[in-house]
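Structure below is coords_20.txt: compact mmCIF, C-alpha atoms.
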```
# COMPACT_ATOMS: atom_id res chain seq x y z
CA MET A 23 -89.99 -19.05 84.38
CA SER A 24 -89.42 -19.65 80.66
CA ARG A 25 -86.12 -18.63 79.15
CA PRO A 26 -85.84 -15.76 76.65
CA PRO A 27 -86.28 -16.81 73.01
CA GLU A 28 -82.60 -16.22 72.19
CA GLU A 29 -81.58 -18.37 75.15
CA ALA A 30 -83.98 -21.20 74.52
CA GLU A 31 -82.24 -24.25 73.12
CA ARG A 32 -82.66 -24.65 69.38
CA THR A 33 -84.48 -27.77 68.26
CA ASP A 34 -84.85 -26.86 64.59
CA ARG A 35 -82.80 -28.40 61.82
CA VAL A 36 -80.26 -26.85 59.50
CA SER A 37 -81.68 -24.18 57.22
CA THR A 38 -81.24 -24.14 53.45
CA LEU A 39 -79.11 -21.01 53.81
CA GLU A 40 -76.70 -22.91 56.04
CA LEU A 41 -76.60 -25.75 53.52
CA PHE A 42 -75.85 -23.17 50.82
CA PHE A 43 -73.04 -21.88 53.05
CA ASP A 44 -71.61 -25.43 53.27
CA LEU A 45 -71.57 -25.73 49.48
CA VAL A 46 -69.25 -22.73 49.38
CA PHE A 47 -67.04 -24.36 52.00
CA VAL A 48 -66.77 -27.57 49.95
CA PHE A 49 -65.10 -25.55 47.19
CA THR A 50 -62.35 -24.95 49.73
CA ILE A 51 -61.99 -28.73 50.10
CA THR A 52 -61.69 -28.99 46.31
CA GLN A 53 -58.98 -26.34 46.23
CA LEU A 54 -57.01 -27.95 49.06
CA THR A 55 -57.22 -31.31 47.29
CA ALA A 56 -55.87 -29.70 44.12
CA LEU A 57 -53.08 -28.07 46.15
CA LEU A 58 -51.97 -31.41 47.59
CA SER A 59 -52.43 -33.23 44.28
CA GLY A 60 -50.17 -30.70 42.56
CA ASP A 61 -47.52 -30.95 45.27
CA PRO A 62 -47.71 -34.43 46.91
CA THR A 63 -44.75 -33.75 49.20
CA LEU A 64 -44.28 -32.99 52.88
CA ARG A 65 -44.29 -29.30 51.98
CA GLY A 66 -47.59 -29.67 50.15
CA LEU A 67 -49.09 -31.60 53.06
CA LEU A 68 -47.89 -28.97 55.53
CA ARG A 69 -49.54 -26.24 53.47
CA VAL A 70 -52.82 -28.15 53.37
CA VAL A 71 -52.76 -28.81 57.14
CA LEU A 72 -52.08 -25.15 57.96
CA ALA A 73 -54.65 -23.77 55.51
CA LEU A 74 -57.32 -26.32 56.49
CA GLY A 75 -56.67 -25.60 60.16
CA VAL A 76 -57.33 -21.87 59.99
CA ILE A 77 -60.21 -22.19 57.50
CA TYR A 78 -61.99 -24.99 59.35
CA TRP A 79 -61.64 -23.14 62.65
CA MET A 80 -63.67 -20.26 61.26
CA TYR A 81 -66.08 -22.56 59.40
CA GLY A 82 -66.70 -24.20 62.76
CA GLY A 83 -67.13 -20.72 64.23
CA TYR A 84 -69.95 -20.06 61.77
CA ALA A 85 -71.57 -23.40 62.66
CA TRP A 86 -71.51 -22.33 66.33
CA LEU A 87 -72.82 -18.92 65.27
CA THR A 88 -75.91 -20.19 63.45
CA ASN A 89 -76.47 -22.68 66.26
CA ALA A 90 -76.89 -19.71 68.62
CA VAL A 91 -78.18 -16.97 66.28
CA ALA A 92 -80.65 -18.41 63.78
CA PRO A 93 -80.45 -16.80 60.29
CA ASP A 94 -84.20 -16.15 60.35
CA ARG A 95 -84.15 -12.41 59.69
CA VAL A 96 -83.31 -10.54 56.49
CA ALA A 97 -80.46 -8.57 58.08
CA ARG A 98 -78.84 -11.71 59.51
CA ARG A 99 -79.16 -13.53 56.20
CA LEU A 100 -77.51 -10.69 54.31
CA VAL A 101 -74.62 -10.58 56.79
CA LEU A 102 -74.22 -14.36 56.55
CA LEU A 103 -74.11 -14.06 52.76
CA GLY A 104 -71.25 -11.61 53.26
CA GLY A 105 -69.43 -14.29 55.25
CA MET A 106 -70.05 -16.73 52.40
CA ALA A 107 -68.48 -14.24 49.98
CA GLY A 108 -65.43 -14.12 52.23
CA PHE A 109 -65.15 -17.92 52.24
CA LEU A 110 -65.51 -17.99 48.45
CA VAL A 111 -62.60 -15.58 48.05
CA LEU A 112 -60.59 -17.69 50.52
CA ALA A 113 -61.19 -20.77 48.38
CA LEU A 114 -60.33 -18.96 45.16
CA THR A 115 -57.01 -17.76 46.59
CA VAL A 116 -55.88 -20.99 48.28
CA PRO A 117 -53.34 -21.69 45.47
CA GLN A 118 -51.71 -18.28 46.09
CA ALA A 119 -51.92 -18.34 49.90
CA PHE A 120 -48.29 -19.43 50.27
CA SER A 121 -46.84 -17.48 47.35
CA GLY A 122 -45.92 -14.44 49.43
CA ASP A 123 -47.27 -11.88 46.99
CA ASP A 124 -51.07 -12.00 47.29
CA LEU A 125 -53.07 -10.13 49.93
CA ALA A 126 -56.44 -11.51 48.85
CA PHE A 127 -56.45 -14.57 51.11
CA GLY A 128 -55.43 -12.58 54.18
CA LEU A 129 -57.96 -9.81 53.58
CA ALA A 130 -60.76 -12.31 52.93
CA TYR A 131 -59.91 -14.14 56.13
CA LEU A 132 -60.03 -10.87 58.06
CA VAL A 133 -63.48 -10.19 56.61
CA VAL A 134 -64.68 -13.68 57.59
CA VAL A 135 -63.45 -13.19 61.18
CA SER A 136 -64.97 -9.70 61.45
CA ILE A 137 -68.40 -10.75 60.15
CA HIS A 138 -68.42 -13.73 62.51
CA ALA A 139 -67.75 -11.55 65.56
CA GLY A 140 -70.24 -8.91 64.46
CA LEU A 141 -73.12 -11.30 63.83
CA TYR A 142 -72.42 -13.42 66.92
CA SER A 143 -72.63 -10.29 69.07
CA ARG A 144 -76.27 -9.92 68.02
CA THR A 145 -77.30 -12.59 70.50
CA SER A 146 -79.06 -11.23 73.58
CA VAL A 147 -77.61 -13.91 75.85
CA THR A 148 -75.21 -12.11 78.17
CA HIS A 149 -72.93 -15.03 79.00
CA THR A 150 -72.54 -15.85 75.29
CA VAL A 151 -71.48 -12.27 74.55
CA ARG A 152 -68.94 -12.47 77.37
CA ALA A 153 -67.59 -15.74 75.98
CA LEU A 154 -67.35 -14.14 72.53
CA LEU A 155 -65.37 -11.22 73.98
CA ARG A 156 -62.83 -13.73 75.31
CA LEU A 157 -62.63 -15.55 71.97
CA ALA A 158 -62.71 -12.68 69.46
CA PRO A 159 -59.24 -11.22 70.24
CA PHE A 160 -57.64 -14.59 69.50
CA ASN A 161 -59.51 -14.88 66.19
CA LEU A 162 -58.48 -11.34 65.26
CA ALA A 163 -54.86 -12.01 66.19
CA SER A 164 -54.91 -15.14 64.03
CA ALA A 165 -56.37 -13.19 61.10
CA LEU A 166 -53.59 -10.60 61.39
CA LEU A 167 -50.99 -13.39 61.51
CA VAL A 168 -52.48 -14.90 58.34
CA LEU A 169 -52.40 -11.47 56.72
CA GLY A 170 -48.70 -11.24 57.59
CA ALA A 171 -48.06 -14.78 56.34
CA VAL A 172 -49.48 -14.16 52.86
CA VAL A 173 -47.09 -11.25 52.24
CA ALA A 174 -44.01 -12.77 53.92
CA ASP A 175 -41.41 -14.95 52.26
CA GLY A 176 -39.02 -17.69 53.22
CA ALA A 177 -39.32 -19.47 56.55
CA ALA A 178 -41.38 -16.58 57.96
CA VAL A 179 -44.34 -17.73 55.85
CA TYR A 180 -44.61 -21.05 57.66
CA LEU A 181 -43.82 -19.60 61.08
CA LEU A 182 -46.64 -17.07 60.75
CA TRP A 183 -49.06 -19.68 59.44
CA ALA A 184 -48.17 -22.01 62.31
CA ALA A 185 -48.64 -19.17 64.81
CA ALA A 186 -52.08 -18.40 63.34
CA PHE A 187 -53.01 -22.09 63.51
CA ALA A 188 -51.87 -22.39 67.13
CA CYS A 189 -53.48 -19.10 68.17
CA GLU A 190 -56.89 -20.47 67.21
CA TRP A 191 -56.73 -24.10 68.24
CA VAL A 192 -55.28 -23.42 71.69
CA THR A 193 -57.93 -20.79 72.43
CA PRO A 194 -60.36 -23.21 74.16
CA LEU A 195 -57.49 -24.39 76.36
CA VAL A 196 -56.55 -20.82 77.32
CA THR A 197 -59.92 -19.07 77.66
CA GLY A 198 -62.21 -22.01 78.20
CA ILE A 199 -65.41 -22.52 76.28
CA GLY A 200 -67.88 -21.76 79.04
CA GLY A 201 -70.67 -19.37 78.11
CA PHE A 202 -71.36 -20.83 74.67
CA ARG A 203 -74.50 -22.92 74.40
CA VAL A 204 -74.99 -25.84 72.01
CA ALA A 205 -78.31 -27.11 70.59
CA PRO A 206 -77.44 -30.78 69.87
CA ALA A 207 -79.80 -31.58 66.98
CA HIS A 208 -78.79 -28.59 64.88
CA PHE A 209 -75.11 -28.78 65.86
CA VAL A 210 -74.64 -32.46 64.99
CA GLU A 211 -76.52 -32.16 61.72
CA ARG A 212 -74.53 -29.10 60.67
CA HIS A 213 -71.18 -30.84 61.16
CA GLY A 214 -72.45 -34.00 59.54
CA LEU A 215 -73.34 -32.00 56.44
CA VAL A 216 -69.81 -30.71 56.03
CA VAL A 217 -68.49 -34.28 56.26
CA ILE A 218 -70.90 -35.50 53.59
CA VAL A 219 -70.10 -32.66 51.20
CA ALA A 220 -66.38 -33.24 51.80
CA LEU A 221 -66.83 -36.94 50.98
CA GLY A 222 -68.36 -35.80 47.73
CA GLU A 223 -64.95 -34.34 46.90
CA SER A 224 -63.47 -37.84 46.76
CA VAL A 225 -66.05 -38.74 44.11
CA VAL A 226 -65.29 -35.52 42.23
CA ALA A 227 -61.58 -36.38 42.38
CA ILE A 228 -62.30 -39.69 40.63
CA GLY A 229 -64.11 -37.81 37.88
CA ILE A 230 -61.25 -35.33 37.47
CA GLY A 231 -58.71 -38.14 37.32
CA ALA A 232 -60.82 -39.91 34.68
CA ALA A 233 -61.03 -36.86 32.41
CA GLY A 234 -59.78 -37.71 28.92
CA GLN A 235 -59.33 -41.40 29.78
CA PRO A 236 -61.08 -44.19 27.85
CA VAL A 237 -63.84 -45.79 29.90
CA ASP A 238 -62.38 -49.29 29.85
CA LEU A 239 -62.13 -52.08 32.42
CA ALA A 240 -59.17 -50.45 34.19
CA LEU A 241 -60.88 -47.08 34.59
CA THR A 242 -64.19 -48.63 35.62
CA SER A 243 -62.51 -50.87 38.19
CA VAL A 244 -60.50 -48.15 39.85
CA ALA A 245 -63.49 -45.77 39.85
CA VAL A 246 -65.76 -48.33 41.51
CA LEU A 247 -63.09 -49.17 44.10
CA GLY A 248 -62.62 -45.47 44.81
CA LEU A 249 -66.37 -45.14 45.31
CA LEU A 250 -66.27 -48.17 47.62
CA LEU A 251 -63.67 -46.46 49.81
CA ALA A 252 -65.75 -43.28 49.97
CA ALA A 253 -68.84 -45.36 50.81
CA CYS A 254 -66.96 -47.12 53.63
CA LEU A 255 -65.92 -43.77 55.11
CA TRP A 256 -69.52 -42.61 54.80
CA TRP A 257 -70.69 -45.78 56.57
CA ALA A 258 -68.14 -45.32 59.35
CA TYR A 259 -69.48 -41.83 60.11
CA PHE A 260 -73.16 -42.06 59.15
CA GLY A 261 -73.94 -45.72 59.77
CA GLY A 262 -75.58 -44.89 63.09
CA ASP A 263 -72.94 -42.78 64.82
CA ASP A 264 -74.56 -39.55 63.67
CA SER A 265 -77.83 -40.25 65.47
CA ARG A 266 -76.00 -41.63 68.51
CA ALA A 267 -73.82 -38.50 68.55
CA GLU A 268 -76.91 -36.31 68.79
CA ARG A 269 -78.26 -38.29 71.73
CA ALA A 270 -74.85 -38.39 73.41
CA LEU A 271 -74.34 -34.63 73.09
CA ALA A 272 -77.85 -33.96 74.40
CA ALA A 273 -77.10 -36.14 77.43
CA VAL A 274 -74.08 -34.02 78.41
CA PRO A 275 -74.93 -31.44 81.10
CA GLU A 276 -75.38 -28.02 79.54
CA ASP A 277 -72.48 -26.48 81.45
CA ARG A 278 -70.09 -29.10 79.99
CA ARG A 279 -71.65 -29.53 76.55
CA ALA A 280 -69.66 -26.84 74.76
CA ALA A 281 -66.34 -28.29 75.95
CA VAL A 282 -67.32 -31.76 74.72
CA ALA A 283 -68.59 -30.30 71.43
CA VAL A 284 -65.36 -28.47 70.66
CA ARG A 285 -63.34 -31.65 71.23
CA ALA A 286 -65.62 -33.94 69.24
CA PHE A 287 -66.58 -31.64 66.38
CA GLY A 288 -63.53 -29.38 66.40
CA TYR A 289 -60.32 -31.19 67.27
CA TRP A 290 -61.40 -34.63 65.99
CA HIS A 291 -63.18 -33.41 62.87
CA LEU A 292 -60.03 -31.70 61.68
CA PRO A 293 -58.26 -35.06 60.98
CA ILE A 294 -61.52 -36.47 59.60
CA LEU A 295 -61.61 -33.72 56.96
CA LEU A 296 -57.86 -33.90 56.38
CA GLY A 297 -58.14 -37.63 55.75
CA ILE A 298 -60.81 -37.05 53.11
CA ILE A 299 -58.64 -34.44 51.36
CA VAL A 300 -55.55 -36.67 51.40
CA LEU A 301 -57.50 -39.68 50.09
CA ALA A 302 -59.12 -37.57 47.35
CA ALA A 303 -55.70 -36.40 46.18
CA GLY A 304 -54.56 -40.03 46.00
CA LEU A 305 -57.70 -41.13 44.14
CA LYS A 306 -57.27 -38.35 41.60
CA HIS A 307 -53.88 -39.78 40.61
CA ALA A 308 -54.82 -43.46 40.93
CA THR A 309 -57.81 -43.13 38.60
CA GLY A 310 -55.57 -42.53 35.61
CA HIS A 311 -52.92 -45.08 36.66
CA ALA A 312 -54.93 -48.17 37.61
CA PHE A 313 -52.33 -50.79 36.65
CA ASP A 314 -49.23 -48.70 37.32
CA ARG A 315 -47.03 -49.06 40.34
CA LEU A 316 -47.40 -46.04 42.57
CA ASP A 317 -44.57 -43.91 43.85
CA VAL A 318 -44.14 -43.47 47.58
CA ALA A 319 -46.03 -40.18 47.67
CA HIS A 320 -49.22 -41.45 46.04
CA ALA A 321 -49.22 -44.78 47.87
CA LEU A 322 -48.95 -42.77 51.10
CA LEU A 323 -51.83 -40.51 50.05
CA LEU A 324 -54.20 -43.44 49.56
CA ALA A 325 -53.25 -45.28 52.74
CA GLY A 326 -52.63 -42.18 54.83
CA GLY A 327 -55.95 -40.60 53.93
CA VAL A 328 -57.85 -43.63 55.20
CA ALA A 329 -55.67 -43.93 58.31
CA VAL A 330 -55.99 -40.26 59.27
CA PHE A 331 -59.77 -40.32 58.77
CA LEU A 332 -60.10 -43.40 60.96
CA ALA A 333 -57.85 -41.90 63.64
CA GLY A 334 -60.07 -38.83 63.81
CA ASP A 335 -63.18 -40.99 63.81
CA VAL A 336 -61.88 -43.10 66.70
CA GLY A 337 -61.18 -39.96 68.72
CA PHE A 338 -64.62 -38.59 67.86
CA ARG A 339 -66.33 -41.80 68.99
CA ARG A 340 -64.33 -41.99 72.22
CA THR A 341 -65.12 -38.38 73.13
CA LEU A 342 -68.87 -38.96 72.78
CA ARG A 343 -68.70 -42.57 74.02
CA LEU A 344 -70.36 -43.89 70.89
CA GLY A 345 -68.78 -47.31 71.02
CA PRO A 346 -65.50 -49.20 70.88
CA GLY A 347 -62.71 -48.09 68.60
CA ARG A 348 -60.27 -51.01 68.52
CA LEU A 349 -61.42 -52.38 65.18
CA ARG A 350 -61.23 -48.97 63.53
CA ALA A 351 -57.84 -48.26 65.07
CA ALA A 352 -56.62 -51.63 63.79
CA ALA A 353 -58.03 -50.81 60.36
CA ALA A 354 -56.05 -47.55 60.36
CA VAL A 355 -52.83 -49.50 60.99
CA LEU A 356 -53.70 -52.09 58.35
CA ALA A 357 -54.43 -49.29 55.88
CA LEU A 358 -50.84 -48.09 56.24
CA ALA A 359 -49.70 -51.68 55.67
CA THR A 360 -51.12 -51.49 52.11
CA ILE A 361 -48.42 -49.02 51.05
CA PRO A 362 -46.06 -51.78 49.82
CA VAL A 363 -48.91 -53.16 47.70
CA GLY A 364 -49.17 -49.88 45.82
CA LEU A 365 -45.40 -49.67 45.45
CA ASN A 366 -44.88 -53.22 44.20
CA ALA A 367 -48.16 -54.13 42.51
CA SER A 368 -50.50 -51.33 41.34
CA ALA A 369 -52.93 -48.65 42.40
CA LEU A 370 -55.80 -51.04 41.66
CA PHE A 371 -54.40 -53.66 44.04
CA GLN A 372 -53.82 -51.15 46.81
CA LEU A 373 -57.36 -49.81 46.47
CA SER A 374 -58.65 -53.39 46.60
CA PHE A 375 -56.78 -54.12 49.82
CA LEU A 376 -57.94 -50.83 51.35
CA GLY A 377 -61.52 -51.74 50.46
CA ILE A 378 -61.13 -55.15 52.10
CA VAL A 379 -59.65 -53.60 55.26
CA LEU A 380 -62.39 -50.97 55.60
CA SER A 381 -65.39 -53.10 54.66
CA GLY A 382 -64.08 -56.00 56.75
CA SER A 383 -63.67 -53.91 59.88
CA LEU A 384 -67.12 -52.34 59.48
CA ALA A 385 -68.73 -55.73 58.83
CA ALA A 386 -67.07 -57.23 61.90
CA GLU A 387 -68.22 -54.28 63.98
CA SER A 388 -71.79 -54.58 62.70
CA ALA A 389 -71.79 -58.31 63.39
CA GLY A 390 -71.24 -57.54 67.06
CA THR A 391 -67.61 -58.55 67.36
CA TRP A 392 -67.38 -55.72 69.90
CA PRO A 393 -70.28 -54.93 72.21
CA ARG A 394 -71.80 -51.56 71.38
CA GLY A 395 -71.77 -48.76 73.90
CA ARG A 396 -68.55 -49.79 75.65
CA GLN A 397 -65.25 -48.06 75.32
CA SER A 398 -62.14 -49.93 74.30
```
Rewrite the structure from the file as structure tokens, please.
Amino acid sequence: MSRPPEEAERTDRVSTLELFFDLVFVFTITQLTALLSGDPTLRGLLRVVLALGVIYWMYGGYAWLTNAVAPDRVARRLVLLGGMAGFLVLALTVPQAFSGDDLAFGLAYLVVVSIHAGLYSRTSVTHTVRALLRLAPFNLASALLVLGAVVADGAAVYLLWAAAFACEWVTPLVTGIGGFRVAPAHFVERHGLVVIVALGESVVAIGIGAAGQPVDLALTSVAVLGLLLAACLWWAYFGGDDSRAERALAAVPEDRRAAVAVRAFGYWHLPILLGIIVLAAGLKHATGHAFDRLDVAHALLLAGGVAVFLAGDVGFRRTLRLGPGRLRAAAAVLALATIPVGLNASALFQLSFLGIVLSGSLAAESAGTWPRGRQS
């Protein structure tokens, strides 16, 4: 007996509406980069981690949503556009999210959560609706915690944000993820798109840092090196792992696929995106200070962004058994070892060493230093 249309596994690719949705999300990446660039301290990093955590959780929720409920009807498209409007307001209000006197972020987040639950419930697959009923109360509780956080002050702001973050990311551990179904081709492509548009932010950051600067040898050199780093991160993720990830996810039994998907594309993609944001903030500063010694904060941003991205990538590859991770893990450690170069030489030298570390590890991996398909 054939399965109902809503239950049949999706084999189609990402729609242009979903791509449009991702372009709204990338504005959030831009705003978070600006937030960290304006406050390159532990407090600024904490704010970015908390905000990215709650925003990416719901972005991921919409990726799961369109994976199960295709936006192929006018009503669904209009509702999804309403979710996009909510994400746009979220992005616009990121700078005020921790100020304690602006409701806009909290209300927009509540709208995003409500639209997600409402549209997801339109599926006719009974076990998916049951799974949604287990998940939705946690999302709503998190939205209410965020709403409280944006009007609180003092230590309560961070406590409420942390509670909202935890309420979402522990949900799969508490309720399980059974009942949700994943169509591998669409799911992998959708998450790959958000990585590629986020990587574009690192290029944008170079352009912002270069604004008003003379296009001389120093600026050209640091811009090209910044692009090299972004290209290496692109290669690490898209140099074959994307297609292998699709095959690996398809090979997972359907009753276990959602649990594997939430680990690989949820938990491990969070540090991947955070690494891109941190690196972009470092590149924004380095572009205008090519031959200057960096302070600790900006040297950490450059090295830490690469290291955090690679750490997430190693976890992603191990979860899907895409190949060994020792070279990439070693590259993450070596990236942190470039911090003294930025402190004692210049931004240009640190970027050069980071480029050597990344390109060298990828070249060694491609040359077959480690046999593909085996776990370290």
Quiz item: To one decimal place, how far is CA of Ala386 in chain A from CA of Leu221 in chain A in Å?
Solution: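 For CA of Ala386 in chain A relative to CA of Leu221 in chain A, the distance reads 23.0 Å.
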Quiz item: Within 8 Å of Phe160 in chain A, counting all atoms listed in the file, which residues qualify if same-chain residues fewer than 4 places away don't, as a list in words?
Solution: Arg156, Ser164, Cys189, Glu190 and Thr193 of chain A
Could you give me, as a tab-separated table (two decimals) with C-alpha atoms, in the frame of the given file, the residues within 9 Å of Leu132 in chain A, counting only C-alpha atoms and dropping anything in the same chain fewer than 3 positions from it?
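The resulting file, result.tsv, is shown below:
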```tsv
chain	number	residue	atom	x	y	z
A	108	GLY	CA	-65.43	-14.12	52.23
A	127	PHE	CA	-56.45	-14.57	51.11
A	128	GLY	CA	-55.43	-12.58	54.18
A	129	LEU	CA	-57.96	-9.81	53.58
A	135	VAL	CA	-63.45	-13.19	61.18
A	136	SER	CA	-64.97	-9.70	61.45
A	137	ILE	CA	-68.40	-10.75	60.15
A	162	LEU	CA	-58.48	-11.34	65.26
A	164	SER	CA	-54.91	-15.14	64.03
A	165	ALA	CA	-56.37	-13.19	61.10
A	166	LEU	CA	-53.59	-10.60	61.39
A	168	VAL	CA	-52.48	-14.90	58.34
A	169	LEU	CA	-52.40	-11.47	56.72
```
Practice problem: Identify which of the residues A:His307, A:Arg144, A:His138, A:Arg340 lies closest to Trp86 in chain A, counting all atoms listed in the file when measuring atom-to-atom distances. | Solution: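 Selected residue with least distance to Trp86 in chain A: A:His138.
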Self-check item: Ala56 in chain A environment, 9 Å, only C-alpha atoms, sequence neighbours closer than 6 positions dropped, as a list in words
Solution: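 Once the nearby chain positions are removed, what remains is Pro117, Ala227 and Ala303 of chain A.
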Quiz item: Within 7 Å of range 242-257 of chain A, counting all atoms listed in the file, which residues qualify if same-chain residues fewer than 4 places away don't, as number ranges by chain?
Solution: A: 221, 224-225, 228, 237-238, 261, 305, 309, 312, 370, 373-374, 377, 380-381
Quiz item: Hey, can you check how far CA of Thr150 in chain A sits from CA of Ile199 in chain A?
Solution: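 It comes out at 9.8 Å.
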Quiz item: Hey, can you check how far CA of Val219 in chain A sits from CA of Ala286 in chain A?
Solution: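 Separating CA of Val219 in chain A from CA of Ala286 in chain A is a distance of 18.6 Å.
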Practice problem: Would you mind telling me which residue in A:Trp79, A:Ala130, A:Gly390, A:Ser143 lies nearest to Leu110 in chain A when using only C-alpha atoms? | Solution: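 Counting only C-alpha atoms, the residue closest to Leu110 in chain A is A:Ala130.
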Quiz item: Near range 40-43 of chain A, within 7 Å and counting only C-alpha atoms, which residues show up once chain neighbours fewer than 4 positions away are dropped, as number ranges by chain?
Solution: A: 36, 47, 106
Take every atom of range 239-245 of chain A listed in the file, pad by 8 Å on each side, and give me the axis-aligned box centre and edge lengths in Å, one decimal, as AutoDock Vina command-line options.
```
--center_x -61.7 --center_y -48.9 --center_z 36.1 --size_x 21.0 --size_y 22.3 --size_z 23.4
```
Self-check item: Given all atoms listed in the file as the counted atoms, nearest of A:Ser383, A:His149, A:Tyr81, A:Gly310 to Gly234 in chain A
Solution: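 For Gly234 in chain A, the nearest of the given residues is A:Gly310.
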Practice problem: Please tell me which residues are no farther than 9 Å from (-68.3, -39.0, 72.2) in the file, counting all atoms listed in the file, and write them as JSON, numbers by chain. | Solution: {"A": [266, 267, 270, 271, 282, 283, 285, 286, 337, 338, 339, 340, 341, 342, 343, 344, 345]}
Exercise. Pick out the closest residue to Ala354 in chain A from this set: A:Trp290, A:Gly122, A:Ala369, A:Leu376. Count only C-alpha atoms.
Key: A:Leu376
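Among the candidate residues A:Gly201, A:Pro362, A:Pro206, A:Pro275, the one lying nearest to Phe375 in chain A is A:Pro362, with distances computed using only C-alpha atoms.
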Practice problem: Considering only C-alpha atoms, state which residue in the set A:His311, A:Arg69, A:Arg95, A:His208 is at the smallest distance from Gln235 in chain A. | Solution: A:His311
Expected answer as a tab-separated table (two decimals) with C-alpha atoms, keeping the file's coordinate frame: all residues with atoms within 8 Å of (-79.1, -16.1, 59.4), all atoms listed in the file:
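See result-v9.tsv below for the written result:
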```tsv
chain	number	residue	atom	x	y	z
A	39	LEU	CA	-79.11	-21.01	53.81
A	40	GLU	CA	-76.70	-22.91	56.04
A	88	THR	CA	-75.91	-20.19	63.45
A	91	VAL	CA	-78.18	-16.97	66.28
A	92	ALA	CA	-80.65	-18.41	63.78
A	93	PRO	CA	-80.45	-16.80	60.29
A	94	ASP	CA	-84.20	-16.15	60.35
A	95	ARG	CA	-84.15	-12.41	59.69
A	96	VAL	CA	-83.31	-10.54	56.49
A	97	ALA	CA	-80.46	-8.57	58.08
A	98	ARG	CA	-78.84	-11.71	59.51
A	99	ARG	CA	-79.16	-13.53	56.20
A	100	LEU	CA	-77.51	-10.69	54.31
A	101	VAL	CA	-74.62	-10.58	56.79
A	102	LEU	CA	-74.22	-14.36	56.55
```
